[in-house]
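File shown: start09.csv (CSV, C-alpha atoms).
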chain,number,residue,atom,x,y,z
A,1,MET,CA,15.8,13.9,52.7
A,2,ALA,CA,16.8,10.6,54.1
A,3,LYS,CA,18.5,8.3,51.6
A,4,PRO,CA,21.9,9.4,50.2
A,5,GLU,CA,21.8,11.3,47.0
A,6,LEU,CA,24.4,11.6,44.2
A,7,ILE,CA,25.1,14.5,41.8
A,8,THR,CA,27.3,13.3,38.9
A,9,LEU,CA,29.3,15.8,36.8
A,10,GLY,CA,31.4,14.8,33.8
A,11,CYS,CA,32.1,11.5,32.0
A,12,ARG,CA,30.4,8.1,31.7
A,13,LEU,CA,33.0,6.6,34.0
A,14,ASN,CA,31.8,9.0,36.7
A,15,THR,CA,28.3,7.8,36.1
A,16,PHE,CA,29.4,4.2,36.7
A,17,GLU,CA,31.4,5.1,39.8
A,18,SER,CA,28.5,7.1,41.2
A,19,GLN,CA,26.4,4.0,41.1
A,20,VAL,CA,29.1,2.2,43.0
A,21,MET,CA,29.2,5.0,45.6
A,22,LEU,CA,25.5,5.1,46.0
A,23,GLU,CA,25.3,1.4,46.8
A,24,HIS,CA,28.2,1.8,49.3
A,25,ALA,CA,26.6,4.8,50.9
A,26,GLN,CA,23.2,3.1,51.3
A,27,LYS,CA,24.8,0.1,52.9
A,28,ALA,CA,26.7,2.4,55.3
A,29,GLY,CA,23.5,4.2,56.3
A,30,LEU,CA,24.7,7.6,55.2
A,31,ASP,CA,21.3,9.2,55.3
A,32,ASP,CA,20.9,13.0,54.7
A,33,THR,CA,24.0,12.9,52.6
A,34,VAL,CA,24.8,14.4,49.2
A,35,ILE,CA,27.8,13.1,47.3
A,36,ILE,CA,29.0,15.3,44.5
A,37,ASN,CA,31.2,13.5,41.9
A,38,THR,CA,33.2,16.2,40.1
A,39,CYS,CA,34.9,16.6,36.8
A,40,ALA,CA,38.2,18.4,36.1
A,41,VAL,CA,38.5,18.2,32.3
A,42,THR,CA,38.4,22.0,32.0
A,43,SER,CA,38.6,25.0,34.4
A,44,GLU,CA,34.9,25.6,33.7
A,45,ALA,CA,34.2,22.1,34.9
A,46,VAL,CA,35.9,22.9,38.2
A,47,ARG,CA,34.0,26.1,38.5
A,48,ARG,CA,30.8,24.2,37.8
A,49,ALA,CA,31.6,21.8,40.7
A,50,GLU,CA,32.0,24.8,43.1
A,51,GLN,CA,28.7,26.2,41.9
A,52,THR,CA,27.0,22.8,42.4
A,53,ILE,CA,28.3,22.7,45.9
A,54,ARG,CA,27.0,26.1,46.8
A,55,ARG,CA,23.6,25.4,45.2
A,56,THR,CA,23.3,22.1,47.0
A,57,ARG,CA,24.0,23.8,50.4
A,58,ARG,CA,21.4,26.4,49.7
A,59,GLN,CA,18.8,23.7,48.8
A,60,MET,CA,19.8,21.3,51.6
A,61,PRO,CA,21.2,23.3,54.5
A,62,ASN,CA,21.3,20.3,56.9
A,63,ALA,CA,22.7,17.7,54.5
A,64,ARG,CA,26.2,16.3,54.8
A,65,ILE,CA,28.1,17.2,51.6
A,66,ILE,CA,30.8,14.9,50.4
A,67,VAL,CA,32.9,16.0,47.4
A,68,THR,CA,34.9,13.5,45.3
A,69,GLY,CA,35.9,13.0,41.6
A,70,CYS,CA,38.8,14.3,39.5
A,71,ALA,CA,38.5,17.9,40.7
A,72,ALA,CA,38.7,16.8,44.3
A,73,GLN,CA,41.6,14.5,43.6
A,74,ILE,CA,43.6,17.1,41.8
A,75,GLU,CA,42.8,20.1,44.1
A,76,PRO,CA,41.8,18.7,47.5
A,77,GLU,CA,42.9,21.8,49.3
A,78,ARG,CA,40.7,24.0,47.1
A,79,PHE,CA,37.6,22.0,48.1
A,80,SER,CA,38.5,21.5,51.7
A,81,ARG,CA,38.6,25.3,52.2
A,82,LEU,CA,35.0,25.6,51.2
A,83,GLU,CA,32.7,26.0,54.2
A,84,ASP,CA,29.9,24.1,52.5
A,85,VAL,CA,31.9,20.9,52.2
A,86,ASP,CA,32.0,18.4,55.0
A,87,HIS,CA,34.3,15.7,53.4
A,88,VAL,CA,36.7,15.5,50.5
A,89,ILE,CA,37.6,12.0,49.2
A,90,GLY,CA,39.9,10.9,46.3
A,91,ASN,CA,39.2,8.9,43.2
A,92,GLU,CA,40.7,5.7,44.6
A,93,GLU,CA,39.0,6.0,47.9
A,94,LYS,CA,35.5,6.8,46.5
A,95,THR,CA,34.8,3.3,45.2
A,96,LYS,CA,35.8,1.5,48.4
A,97,ALA,CA,33.1,0.3,50.8
A,98,GLU,CA,35.3,1.0,53.9
A,99,THR,CA,35.5,4.6,52.9
A,100,PHE,CA,31.8,5.0,53.4
A,101,LEU,CA,31.7,2.9,56.5
A,102,ASN,CA,34.3,5.2,58.0
A,103,LEU,CA,32.3,8.2,57.0
A,104,ALA,CA,29.4,6.9,59.0
A,105,VAL,CA,31.5,7.2,62.2
A,106,PRO,CA,31.4,10.5,64.2
A,107,GLN,CA,34.5,12.7,63.7
A,108,SER,CA,35.5,10.8,60.6
A,109,GLN,CA,38.4,12.1,58.6
A,110,ARG,CA,37.5,15.3,56.7
A,111,VAL,CA,40.0,14.9,53.8
A,112,LEU,CA,40.9,11.5,52.4
A,113,VAL,CA,42.9,11.9,49.2
A,114,ASN,CA,45.9,9.7,48.5
A,115,ASP,CA,48.5,9.6,45.7
A,116,ILE,CA,46.6,8.4,42.7
A,117,MET,CA,49.8,7.9,40.7
A,118,SER,CA,50.8,5.1,43.1
A,119,VAL,CA,47.8,3.0,42.2
A,120,THR,CA,48.6,0.0,40.0
A,121,GLN,CA,45.4,-1.9,39.8
A,122,THR,CA,41.7,-1.2,39.2
A,123,ALA,CA,39.4,-3.3,41.3
A,124,SER,CA,36.2,-4.7,39.8
A,125,HIS,CA,33.1,-3.1,41.4
A,126,MET,CA,30.0,-5.3,41.1
A,127,ILE,CA,26.8,-3.3,40.9
A,128,SER,CA,23.3,-4.6,40.6
A,129,GLY,CA,21.8,-2.0,38.3
A,130,PHE,CA,21.4,1.7,37.4
A,131,GLY,CA,18.1,2.5,39.1
A,132,SER,CA,15.7,3.7,36.4
A,133,ARG,CA,18.3,3.7,33.7
A,134,ILE,CA,17.9,1.1,31.0
A,135,ARG,CA,21.3,1.7,29.5
A,136,ALA,CA,24.1,0.7,31.9
A,137,TYR,CA,27.7,1.6,32.0
A,138,VAL,CA,30.5,-0.8,32.9
A,139,GLN,CA,34.0,0.2,33.8
A,140,ILE,CA,36.7,-1.8,32.0
A,141,GLN,CA,39.7,0.5,32.6
A,142,ASN,CA,40.9,3.5,34.5
A,143,GLY,CA,43.7,6.0,34.3
A,144,CYS,CA,45.9,7.1,31.4
A,145,ASP,CA,49.6,6.8,30.5
A,146,HIS,CA,49.5,9.5,27.8
A,147,ARG,CA,50.3,13.2,28.4
A,148,CYS,CA,48.3,15.4,26.0
A,149,THR,CA,49.4,18.9,26.7
A,150,PHE,CA,45.9,20.2,27.3
A,151,CYS,CA,44.8,17.5,29.7
A,152,ILE,CA,45.0,17.2,33.5
A,153,ILE,CA,43.0,14.0,33.8
A,154,PRO,CA,46.0,11.6,34.2
A,155,PHE,CA,46.7,13.4,37.5
A,156,GLY,CA,43.2,12.8,38.6
A,157,ARG,CA,43.0,9.2,37.5
A,158,GLY,CA,46.5,7.8,37.7
A,159,PRO,CA,48.2,5.3,35.4
A,160,SER,CA,46.3,3.1,33.0
A,161,ARG,CA,45.0,-0.1,34.5
A,162,SER,CA,42.5,-2.7,33.3
A,163,VAL,CA,39.7,-4.7,34.9
A,164,PRO,CA,40.2,-8.5,34.1
A,165,ALA,CA,38.0,-9.7,31.3
A,166,GLY,CA,36.3,-12.4,33.4
A,167,GLU,CA,35.2,-9.8,35.9
A,168,VAL,CA,33.8,-7.5,33.2
A,169,VAL,CA,31.8,-10.4,31.8
A,170,SER,CA,30.4,-11.2,35.2
A,171,GLN,CA,29.3,-7.6,35.8
A,172,ILE,CA,27.6,-7.4,32.4
A,173,ARG,CA,25.9,-10.8,32.9
A,174,LYS,CA,24.5,-9.5,36.2
A,175,LEU,CA,23.3,-6.3,34.7
A,176,VAL,CA,21.6,-8.1,31.8
A,177,GLU,CA,19.9,-10.5,34.2
A,178,ASN,CA,18.5,-7.4,36.0
A,179,GLY,CA,17.0,-6.0,32.9
A,180,HIS,CA,19.8,-3.8,31.3
A,181,LEU,CA,19.9,-4.9,27.7
A,182,GLU,CA,22.3,-2.2,26.4
A,183,ILE,CA,25.7,-1.9,27.9
A,184,VAL,CA,28.3,0.9,27.4
A,185,LEU,CA,32.0,0.0,28.1
A,186,THR,CA,33.6,2.9,29.7
A,187,GLY,CA,37.0,4.1,31.1
A,188,VAL,CA,39.5,6.9,30.7
A,189,ASP,CA,41.4,5.5,27.8
A,190,ILE,CA,39.6,2.3,26.8
A,191,THR,CA,41.6,1.5,23.7
A,192,SER,CA,44.6,1.0,26.0
A,193,TYR,CA,42.7,-1.8,27.6
A,194,GLY,CA,44.6,-5.0,28.3
A,195,HIS,CA,48.2,-3.9,28.1
A,196,ASP,CA,48.6,-4.7,31.8
A,197,LEU,CA,46.8,-8.0,31.7
A,198,PRO,CA,48.2,-11.5,30.7
A,199,GLY,CA,47.3,-13.2,27.5
A,200,ALA,CA,47.6,-10.4,25.0
A,201,MET,CA,44.2,-9.0,25.9
A,202,SER,CA,42.9,-6.0,24.0
A,203,LEU,CA,39.7,-3.9,23.7
A,204,GLY,CA,38.7,-5.9,20.6
A,205,ARG,CA,39.3,-9.2,22.2
A,206,LEU,CA,37.3,-8.1,25.2
A,207,VAL,CA,34.4,-7.1,23.0
A,208,GLN,CA,34.4,-10.5,21.3
A,209,HIS,CA,34.7,-12.2,24.7
A,210,ILE,CA,31.6,-10.3,26.0
A,211,LEU,CA,29.5,-11.0,23.0
A,212,LYS,CA,30.4,-14.7,23.1
A,213,HIS,CA,29.8,-15.2,26.8
A,214,VAL,CA,26.7,-13.0,27.3
A,215,PRO,CA,24.5,-14.0,24.4
A,216,GLU,CA,21.5,-12.4,26.1
A,217,LEU,CA,23.0,-8.9,25.7
A,218,LYS,CA,21.2,-7.1,23.0
A,219,ARG,CA,23.4,-4.1,22.4
A,220,LEU,CA,27.0,-3.3,23.2
A,221,ARG,CA,28.4,0.2,22.9
A,222,LEU,CA,31.9,1.8,23.4
A,223,SER,CA,32.5,5.1,25.0
A,224,SER,CA,35.1,7.5,23.5
A,225,ILE,CA,38.0,5.7,21.8
A,226,ASP,CA,41.4,6.7,20.4
A,227,GLN,CA,41.3,5.6,16.8
A,228,VAL,CA,45.0,5.2,16.4
A,229,GLU,CA,45.0,2.5,19.1
A,230,VAL,CA,42.2,0.4,17.6
A,231,ASP,CA,43.4,-3.3,17.3
A,232,LYS,CA,42.6,-5.8,14.6
A,233,ALA,CA,40.1,-7.7,16.8
A,234,LEU,CA,38.0,-4.6,17.3
A,235,LEU,CA,38.0,-4.0,13.5
A,236,ASP,CA,36.8,-7.6,13.1
A,237,ALA,CA,34.1,-7.0,15.7
A,238,ILE,CA,33.0,-3.8,13.9
A,239,ALA,CA,32.7,-5.8,10.7
A,240,ASN,CA,31.0,-9.0,12.0
A,241,GLU,CA,29.2,-8.4,15.3
A,242,ASP,CA,25.7,-6.9,14.8
A,243,ARG,CA,25.3,-6.5,18.5
A,244,LEU,CA,28.2,-4.0,18.6
A,245,MET,CA,26.5,-0.8,17.7
A,246,PRO,CA,27.6,1.1,14.6
A,247,HIS,CA,28.4,4.3,16.4
A,248,LEU,CA,31.9,5.3,17.5
A,249,HIS,CA,32.9,8.5,19.3
A,250,LEU,CA,36.5,9.4,18.4
A,251,SER,CA,39.1,11.5,20.3
A,252,MET,CA,40.3,13.6,17.4
A,253,GLN,CA,40.7,17.1,18.9
A,254,SER,CA,42.0,18.8,15.7
A,255,GLY,CA,42.4,18.3,12.0
A,256,ASP,CA,45.8,20.1,11.7
A,257,ASP,CA,49.0,18.1,12.0
A,258,LEU,CA,51.0,20.8,13.7
A,259,ILE,CA,48.4,21.4,16.3
A,260,LEU,CA,48.1,17.6,16.9
A,261,LYS,CA,51.8,17.5,17.5
A,262,ARG,CA,51.6,20.4,19.9
A,263,MET,CA,48.8,18.6,21.7
A,264,LYS,CA,51.1,15.5,21.9
A,265,ARG,CA,48.4,13.5,20.2
A,266,ARG,CA,49.4,10.1,18.8
A,267,HIS,CA,47.7,10.4,15.5
A,268,SER,CA,47.9,12.5,12.4
A,269,ARG,CA,45.2,14.0,10.2
A,270,SER,CA,45.6,11.2,7.7
A,271,ASP,CA,45.4,8.6,10.4
A,272,ALA,CA,42.0,9.8,11.4
A,273,ILE,CA,40.7,9.9,7.9
A,274,SER,CA,42.1,6.5,7.1
A,275,PHE,CA,40.5,4.9,10.2
A,276,CYS,CA,37.1,6.4,9.3
A,277,GLN,CA,37.3,5.1,5.7
A,278,GLN,CA,38.4,1.7,6.9
A,279,ALA,CA,35.6,1.4,9.5
A,280,ARG,CA,33.0,2.6,7.1
A,281,LYS,CA,34.1,0.0,4.5
A,282,LEU,CA,33.7,-2.7,7.2
A,283,ARG,CA,30.4,-1.4,8.4
A,284,PRO,CA,28.7,0.9,5.9
A,285,ASP,CA,26.0,2.0,8.3
A,286,ILE,CA,28.5,3.2,11.0
A,287,VAL,CA,28.4,6.9,12.1
A,288,PHE,CA,31.1,8.8,14.0
A,289,GLY,CA,31.1,11.4,16.7
A,290,ALA,CA,34.2,13.3,17.7
A,291,ASP,CA,35.7,15.5,20.3
A,292,LEU,CA,37.2,18.7,18.8
A,293,ILE,CA,38.9,21.6,20.4
A,294,ALA,CA,38.5,25.1,19.0
A,295,GLY,CA,41.2,27.7,19.5
A,296,PHE,CA,44.0,25.5,20.9
A,297,PRO,CA,47.1,27.7,21.6
A,298,THR,CA,48.9,28.8,18.4
A,299,GLU,CA,46.0,27.8,16.2
A,300,THR,CA,45.7,30.0,13.1
A,301,ASN,CA,42.7,30.5,10.9
A,302,GLU,CA,44.3,28.2,8.3
A,303,MET,CA,44.9,25.5,11.0
A,304,PHE,CA,41.3,25.8,12.1
A,305,LYS,CA,40.2,25.4,8.5
A,306,ASN,CA,41.9,22.0,8.5
A,307,THR,CA,39.7,20.9,11.4
A,308,LEU,CA,36.6,22.1,9.4
A,309,LYS,CA,37.9,20.0,6.4
A,310,LEU,CA,38.4,17.0,8.7
A,311,VAL,CA,34.7,17.0,9.6
A,312,GLU,CA,33.9,16.7,5.9
A,313,SER,CA,36.7,14.2,5.1
A,314,CYS,CA,35.6,11.9,8.0
A,315,ASN,CA,31.9,12.6,7.5
A,316,LEU,CA,31.4,13.2,11.2
A,317,THR,CA,27.8,13.2,12.5
A,318,TYR,CA,28.0,14.2,16.1
A,319,LEU,CA,30.5,16.9,17.2
A,320,HIS,CA,31.4,17.5,20.8
A,321,VAL,CA,33.0,20.9,20.6
A,322,PHE,CA,35.3,22.3,23.3
A,323,PRO,CA,36.3,26.0,23.2
A,324,PHE,CA,39.8,25.8,24.5
A,325,SER,CA,40.3,27.2,28.0
A,326,PRO,CA,43.7,26.8,29.7
A,327,ARG,CA,43.8,24.3,32.4
A,328,PRO,CA,46.3,25.3,35.1
A,329,ASP,CA,49.4,23.0,35.5
A,330,THR,CA,49.2,21.8,31.9
A,331,PRO,CA,51.8,22.6,29.2
A,332,ALA,CA,49.1,24.1,26.9
A,333,ALA,CA,48.4,26.7,29.5
A,334,ARG,CA,51.9,28.1,29.0
A,335,MET,CA,51.7,28.3,25.2
A,336,PRO,CA,50.7,31.4,23.3
A,337,GLN,CA,47.0,31.7,23.7
A,338,VAL,CA,44.4,32.4,20.9
A,339,ASN,CA,42.2,35.5,21.3
A,340,GLY,CA,39.0,34.7,23.2
A,341,LYS,CA,36.7,36.1,20.6
A,342,ASP,CA,38.4,33.9,17.9
A,343,ILE,CA,38.0,30.9,20.1
A,344,LYS,CA,34.3,31.6,20.6
A,345,SER,CA,33.6,32.2,16.9
A,346,ARG,CA,35.5,29.0,15.9
A,347,ALA,CA,33.6,27.0,18.4
A,348,ALA,CA,30.3,28.4,17.1
A,349,ARG,CA,31.4,27.6,13.5
A,350,LEU,CA,32.1,24.0,14.4
A,351,ARG,CA,28.8,23.6,16.2
A,352,SER,CA,27.0,25.1,13.2
A,353,ILE,CA,28.7,22.6,10.9
A,354,GLY,CA,27.9,19.9,13.4
A,355,ASN,CA,24.2,20.8,13.3
A,356,GLU,CA,24.4,20.6,9.5
A,357,LYS,CA,26.0,17.2,9.5
A,358,LEU,CA,23.4,15.9,12.0
A,359,ARG,CA,20.6,17.2,9.8
A,360,THR,CA,22.1,15.5,6.8
A,361,HIS,CA,22.3,12.2,8.7
A,362,LEU,CA,18.7,12.6,9.8
A,363,ASN,CA,17.4,13.4,6.3
A,364,LYS,CA,19.0,10.2,5.0
A,365,GLN,CA,17.0,8.1,7.5
A,366,ILE,CA,13.6,9.3,6.3
A,367,GLY,CA,11.6,6.4,4.9
A,368,LYS,CA,13.9,3.7,6.3
A,369,THR,CA,13.1,1.0,8.8
A,370,ILE,CA,14.8,1.7,12.1
A,371,SER,CA,15.3,-0.3,15.2
A,372,VAL,CA,14.7,1.8,18.4
A,373,PHE,CA,15.8,0.9,21.9
A,374,ILE,CA,13.2,2.5,24.2
A,375,GLU,CA,14.7,4.6,26.9
A,376,LYS,CA,11.6,6.3,28.2
A,377,GLU,CA,8.0,5.7,27.0
A,378,GLU,CA,8.0,7.0,23.4
A,379,LYS,CA,11.7,8.0,23.3
A,380,GLY,CA,14.7,6.0,22.3
A,381,ARG,CA,17.8,5.5,20.2
A,382,THR,CA,18.7,3.8,17.0
A,383,PRO,CA,21.9,1.6,16.8
A,384,GLN,CA,23.7,4.8,15.4
A,385,PHE,CA,22.6,6.5,18.7
A,386,THR,CA,20.2,8.8,16.8
A,387,PHE,CA,17.5,10.1,19.1
A,388,VAL,CA,13.9,9.1,18.0
A,389,ARG,CA,10.5,10.1,19.2
A,390,LEU,CA,7.8,7.5,18.3
A,391,ASP,CA,4.1,7.8,17.8
A,392,ARG,CA,3.2,5.6,20.8
A,393,GLN,CA,4.6,4.5,24.2
A,394,PHE,CA,6.4,1.3,25.1
A,395,PRO,CA,8.0,0.0,28.3
A,396,PRO,CA,11.7,1.1,28.7
A,397,GLY,CA,14.1,-1.5,27.5
A,398,THR,CA,11.9,-2.6,24.6
A,399,ILE,CA,13.3,-2.8,21.1
A,400,VAL,CA,10.8,-1.9,18.4
A,401,ARG,CA,10.9,-1.4,14.7
A,402,ALA,CA,9.5,1.7,13.1
A,403,THR,CA,9.6,3.8,10.0
A,404,ALA,CA,11.4,7.1,10.2
A,405,THR,CA,8.9,9.7,8.9
A,406,HIS,CA,10.5,13.1,9.5
A,407,ASN,CA,12.9,15.0,11.6
A,408,ASP,CA,13.3,18.4,13.3
A,409,GLY,CA,17.0,18.8,12.7
A,410,GLN,CA,17.9,17.3,16.1
A,411,GLN,CA,15.9,14.0,16.3
A,412,LEU,CA,13.9,11.6,14.2
A,413,TYR,CA,10.2,10.9,14.4
A,414,GLY,CA,8.9,7.5,13.7
A,415,GLU,CA,5.8,5.4,13.3
A,416,VAL,CA,5.9,1.9,14.8
A,417,PHE,CA,4.8,-1.0,12.7
A,418,ALA,CA,1.3,-2.1,13.4

Entire entry expressed as structure tokens:
Amino acid sequence: MAKPELITLGCRLNTFESQVMLEHAQKAGLDDTVIINTCAVTSEAVRRAEQTIRRTRRQMPNARIIVTGCAAQIEPERFSRLEDVDHVIGNEEKTKAETFLNLAVPQSQRVLVNDIMSVTQTASHMISGFGSRIRAYVQIQNGCDHRCTFCIIPFGRGPSRSVPAGEVVSQIRKLVENGHLEIVLTGVDITSYGHDLPGAMSLGRLVQHILKHVPELKRLRLSSIDQVEVDKALLDAIANEDRLMPHLHLSMQSGDDLILKRMKRRHSRSDAISFCQQARKLRPDIVFGADLIAGFPTETNEMFKNTLKLVESCNLTYLHVFPFSPRPDTPAARMPQVNGKDIKSRAARLRSIGNEKLRTHLNKQIGKTISVFIEKEEKGRTPQFTFVRLDRQFPPGTIVRATATHNDGQQLYGEVFA
């Protein structure tokens, strides 16, 4: 091992920030170093981070191990106590070039984690590319001002703050020039984008700005959004911008109004259904994914059935199911908990229905002409983010047209036009 290596756990924002860190670490000459970018969204995510640290030390006994990310930001003492860890750095520090220059100096500070709640701005981090990745992620926002009762992430990311639109456009233009033709806008709460910027900026206006000023960009995607915060400009973009992909991942969490209230979510069941109906009317080919929590504290069987019904009412295609596990220091951890067996069975039921919904979506594509963005040789994605395996290979980054011939319940198979 010589060049620095990165292990990324968690969200797409972490993926972007890992690329920023990799470039900083390379310039600082941090050879024989592994940087582990952790997640803290659940207690299991923190345990996975510790397992990754131990496994990395076994595999690379002489490497310097640097731990960062949300888990390190929220619980720096926990990670600094681990003998396998050489340095712990916070979320604000991890994207600064000087942090890595300082780490290159002998006897550098072992723990560097400052108060994330005092951060008021998010700096733009210009990166040149994502290595072999054809799809690139661009940070437009960081932090969160909401306080959902199950979530610890605001204490790992700090208050919501936006990257100025001009800097976002410059970053995307550079990535497109370097061959990345599909961009994903990412952050912690991207539908809050712009509230701290002048000029009444919003996520929808940013999307329109990007598509206008980077005409070479072939595909633009959004990471998870909060449907209740979607602005009119974004609805207009969904309706009129073909390069904005018809796939939205929604932060729904539950289909029961009382559970949503206890989660301190900002939407009701009817809000979620109304948004999906409105978006589908504007863009008939749109598909939805959603985050759903099974077994939130106090959830009864009847409440859970409302979540099952929501999947049908919104016609969700991709389900990201979280069996609830109490995160220490959150209000939900102090609420009456659901029996573990019930949580497990409800999560399994949701995943089963998710598989059925995906299979239904795939069956509807058979015989249709599909546009496929090649990610690796014969594998790619449709605009709806459906995974496709083609009958021949193409260079990554190519967009080809094919006929969907069949599916295996998880992905489409297609024949490329001669």

Inset, instruction - Can you pull out every residue within 9 Å of Leu350 in chain A, counting only C-alpha atoms, but drop anything in the same chain fewer than 4 positions away, and send it as a list in words? - result: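 Listing them by chain and then by number gives Leu292, Ala294, Thr307, Leu308, Val311, Leu319, Val321, Ser345, Arg346, Gly354 and Asn355 of chain A.
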
Just C-alpha atoms for this one: save the residues we selected as a tab-separated table (two decimals), in the coordinates of the input.
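See result26.tsv below for the written result:
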chain	number	residue	atom	x	y	z
A	292	LEU	CA	37.20	18.70	18.80
A	294	ALA	CA	38.50	25.10	19.00
A	307	THR	CA	39.70	20.90	11.40
A	308	LEU	CA	36.60	22.10	9.40
A	311	VAL	CA	34.70	17.00	9.60
A	319	LEU	CA	30.50	16.90	17.20
A	321	VAL	CA	33.00	20.90	20.60
A	345	SER	CA	33.60	32.20	16.90
A	346	ARG	CA	35.50	29.00	15.90
A	354	GLY	CA	27.90	19.90	13.40
A	355	ASN	CA	24.20	20.80	13.30

Legend entry - Minimum-distance residue to Lys357 in chain A, chosen among A:Gln410, A:Cys39, A:Ser274, A:Pro383 (using only C-alpha atoms):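 Using only C-alpha atoms, the shortest distance to Lys357 in chain A belongs to A:Gln410.
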
Legend entry - Within 6 Å of file point (41.6, 23.9, 22.7), counting all atoms listed in the file, expressed as a list of chain:residue names: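 Using all atoms listed in the file, the matching residues come out as A:Ile293, A:Ala294, A:Gly295, A:Phe296, A:Pro323, A:Phe324.
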
Legend entry - Arg389 in chain A surroundings by all atoms listed in the file, 7 Å radius, close-in-sequence under 3 positions cut, as a VMD selection string: chain A and resid 378 to 380 412 to 414

Legend entry - Residue contacts of Thr42 in chain A (10 Å, all atoms listed in the file) excluding same-chain residues fewer than 4 positions away, as JSON, numbers by chain: {"A": [46, 47, 48, 71, 150, 151, 152, 153, 322, 323, 324, 325, 326, 327, 328]}

Inset, instruction - Taking the point (29.4, -0.3, 27.2) as given in the file, collect each protein or nucleic acid residue that comes within 7 Å of it, counting only C-alpha atoms, and present the set as JSON, numbers by chain. - result: {"A": [137, 138, 183, 184, 185, 186, 220, 221, 222, 223]}

Legend entry - Which of A:Gln337, A:Thr38, A:Thr15, A:Gln227 sits closest to Arg135 in chain A [using all atoms listed in the file]: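 For Arg135 in chain A, the nearest of the given residues is A:Thr15.
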
Please list as a PDB file with C-alpha atoms, in the frame of the given file every residue within 7 Å of Thr95 in chain A, counting only C-alpha atoms and excluding residues in the same chain fewer than 2 positions away.
ATOM      1  CA  GLU A  17      31.400   5.100  39.800  1.00  0.00           C
ATOM      2  CA  VAL A  20      29.100   2.200  43.000  1.00  0.00           C
ATOM      3  CA  MET A  21      29.200   5.000  45.600  1.00  0.00           C
ATOM      4  CA  GLU A  92      40.700   5.700  44.600  1.00  0.00           C
ATOM      5  CA  GLU A  93      39.000   6.000  47.900  1.00  0.00           C
ATOM      6  CA  ALA A  97      33.100   0.300  50.800  1.00  0.00           C
TER       7      ALA A  97
END

Inset, instruction - Find the residue from A:Glu241, A:Arg219, A:Asp408, A:Lys3 that sits nearest to Val372 in chain A; use only C-alpha atoms when measuring. - result: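 Ranked by minimum distance to Val372 in chain A, first place goes to A:Arg219.
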
Inset, instruction - Quick one: everything within 12 Å of Gly367 in chain A, counting only C-alpha atoms, minus sequence neighbours fewer than 2 positions away in the same chain. Send it as an NGL selection string. - result: :A and (362-365 or 369-370 or 402-407 or 412-415)

Legend entry - Selected residue of minimal separation from Ile238 in chain A among A:Gly187, A:Pro331, A:Pro284, A:Pro215, counting only C-alpha atoms: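 Closest candidate: A:Pro284.
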
Legend entry - Counting all atoms listed in the file, the residue of A:Ile66, A:Val188, A:Ile53, A:Leu197 that sits nearest Arg12 in chain A: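 The closest residue to Arg12 in chain A is A:Val188.
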